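Contents: one structure, followed by commentary.
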Amino acid sequence: MIRIHSSFDTLSIHNMKNVLEGSGIECEIQDETRQRLANDVPVDDSFIELWIVDDERERDALKILEETTRPRSGSWVCPACTETIEATFDLCWKCSTPCPE
């Protein structure tokens, strides 16, 4: 097993785990109980960690996380209703058409 990421943000760690598992990379979250100690230990010692089970998938996991956590900029035009949508949205707010790839 290899640690792929650590953070104080429980939500982001769980999101990363879901993204990786959705891509077929088995993961585990460790040290989630450390956050309870946040006031008693240095912040770095209260981080939770995301580990991947297969060390050989490290490069794949890092690439997937980089692609999915990179902020999008600009906007896109809905192919169904021609509404201009901000890049942070995956669906058209007007007609719910998915953003084209």
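Naming scheme: A, B, ... for chains in displayed order of the structure tokens; residues 1 onward per chain; ligands 1 onward as shown.
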
A:Ser73 surroundings by only C-alpha atoms, 9 Å radius, close-in-sequence under 6 positions cut, as a PyMOL selection string
chain A and resi 86-88

DSSP on the backbone: which residues in chain A end up as alpha helix (DSSP H)? Give the answer as number ranges by chain.
A: 10-22, 58-69

Those same residues - N, CA and C atoms - I'd like them written as a CSV table (one decimal), in the first residue's frame.
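File produced: out.csv:
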```
chain,number,residue,atom,x,y,z
A,10,THR,N,-11.9,16.1,5.4
A,10,THR,CA,-12.5,14.8,5.3
A,10,THR,C,-13.3,14.6,4.0
A,11,LEU,N,-14.0,15.6,3.6
A,11,LEU,CA,-14.8,15.6,2.4
A,11,LEU,C,-14.0,15.4,1.2
A,12,SER,N,-12.9,16.1,1.0
A,12,SER,CA,-12.1,16.0,-0.2
A,12,SER,C,-11.4,14.6,-0.2
A,13,ILE,N,-11.0,14.0,0.9
A,13,ILE,CA,-10.4,12.7,0.9
A,13,ILE,C,-11.4,11.7,0.5
A,14,HIS,N,-12.6,11.7,1.0
A,14,HIS,CA,-13.7,10.8,0.6
A,14,HIS,C,-14.0,10.9,-0.9
A,15,ASN,N,-14.0,12.2,-1.3
A,15,ASN,CA,-14.3,12.4,-2.8
A,15,ASN,C,-13.2,11.8,-3.6
A,16,MET,N,-12.0,12.0,-3.2
A,16,MET,CA,-10.9,11.4,-4.0
A,16,MET,C,-11.0,9.8,-4.0
A,17,LYS,N,-11.3,9.3,-2.9
A,17,LYS,CA,-11.5,7.8,-2.7
A,17,LYS,C,-12.6,7.4,-3.7
A,18,ASN,N,-13.7,8.1,-3.7
A,18,ASN,CA,-14.8,7.7,-4.6
A,18,ASN,C,-14.4,7.8,-6.1
A,19,VAL,N,-13.6,8.8,-6.5
A,19,VAL,CA,-13.2,9.0,-7.8
A,19,VAL,C,-12.2,7.8,-8.2
A,20,LEU,N,-11.3,7.5,-7.3
A,20,LEU,CA,-10.3,6.4,-7.7
A,20,LEU,C,-11.0,5.1,-7.7
A,21,GLU,N,-11.9,4.8,-6.8
A,21,GLU,CA,-12.6,3.5,-6.8
A,21,GLU,C,-13.5,3.4,-8.0
A,22,GLY,N,-14.1,4.5,-8.5
A,22,GLY,CA,-14.9,4.5,-9.7
A,22,GLY,C,-14.0,4.2,-10.9
A,58,GLU,N,0.0,3.6,-8.6
A,58,GLU,CA,0.3,5.0,-8.1
A,58,GLU,C,0.2,6.0,-9.2
A,59,ARG,N,0.9,5.8,-10.3
A,59,ARG,CA,1.0,6.7,-11.4
A,59,ARG,C,-0.5,7.0,-12.0
A,60,ASP,N,-1.2,5.9,-12.2
A,60,ASP,CA,-2.6,6.0,-12.6
A,60,ASP,C,-3.4,6.9,-11.7
A,61,ALA,N,-3.3,6.6,-10.4
A,61,ALA,CA,-4.1,7.3,-9.4
A,61,ALA,C,-3.8,8.8,-9.4
A,62,LEU,N,-2.5,9.1,-9.4
A,62,LEU,CA,-2.1,10.5,-9.4
A,62,LEU,C,-2.6,11.3,-10.7
A,63,LYS,N,-2.6,10.6,-11.8
A,63,LYS,CA,-3.1,11.2,-13.0
A,63,LYS,C,-4.6,11.4,-12.9
A,64,ILE,N,-5.3,10.4,-12.4
A,64,ILE,CA,-6.7,10.6,-12.3
A,64,ILE,C,-7.1,11.7,-11.4
A,65,LEU,N,-6.4,11.8,-10.2
A,65,LEU,CA,-6.7,12.9,-9.3
A,65,LEU,C,-6.3,14.3,-9.8
A,66,GLU,N,-5.2,14.3,-10.6
A,66,GLU,CA,-4.8,15.6,-11.2
A,66,GLU,C,-5.9,16.1,-12.2
A,67,GLU,N,-6.4,15.1,-13.0
A,67,GLU,CA,-7.4,15.5,-14.0
A,67,GLU,C,-8.7,15.9,-13.4
A,68,THR,N,-9.1,15.2,-12.3
A,68,THR,CA,-10.4,15.5,-11.8
A,68,THR,C,-10.5,16.6,-10.8
A,69,THR,N,-9.3,17.0,-10.3
A,69,THR,CA,-9.3,18.1,-9.3
A,69,THR,C,-8.8,19.4,-9.9
```

Among stretch 1-89 of chain A, which residues carry a DSSP assignment of strand (DSSP E), reported as a short mmCIF file (atom, residue, chain, number, x, y, z; two decimals) with C-alpha atoms, in the first residue's frame?
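Listing of states04.cif after writing:
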```cif
data_model
loop_
_atom_site.label_atom_id
_atom_site.label_comp_id
_atom_site.auth_asym_id
_atom_site.auth_seq_id
_atom_site.Cartn_x
_atom_site.Cartn_y
_atom_site.Cartn_z
CA ILE A 2 1.12 3.53 -0.70
CA ARG A 3 -0.12 6.86 0.64
CA ILE A 4 -1.45 8.96 -2.21
CA HIS A 5 -2.76 12.03 -0.37
CA SER A 6 -3.28 13.49 3.10
CA SER A 7 -5.50 16.33 4.21
CA CYS A 27 -8.31 2.60 -1.76
CA GLU A 28 -8.42 2.92 2.01
CA ILE A 29 -8.78 5.92 4.28
CA GLN A 30 -6.61 5.82 7.37
CA ILE A 48 -6.30 11.82 7.44
CA GLU A 49 -4.69 9.81 4.68
CA LEU A 50 -5.77 8.21 1.41
CA TRP A 51 -3.89 5.04 0.53
CA ILE A 52 -4.08 2.90 -2.61
CA SER A 75 -17.57 28.55 -20.15
CA TRP A 76 -19.25 26.16 -22.57
CA VAL A 77 -22.27 26.37 -24.84
CA THR A 84 -23.82 29.66 -22.14
CA ILE A 85 -22.83 27.75 -18.99
CA GLU A 86 -19.97 28.45 -16.57
#
```

Of the residues A:Asp90, A:Glu32, A:Ile25, A:Thr97, which is the one nearest to A:Cys78, using only C-alpha atoms?
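Closest to A:Cys78, using only C-alpha atoms: A:Thr97.
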
Rounded to one decimal place, report the atom CA of A:Trp93-atom CA of A:Cys81 distance in Å.
10.4 Å

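Remark: for A:Glu56, the closest of the candidate residues A:Glu26, A:Glu101, A:Glu83, A:Asp31 is A:Glu26 (distances computed over only C-alpha atoms).
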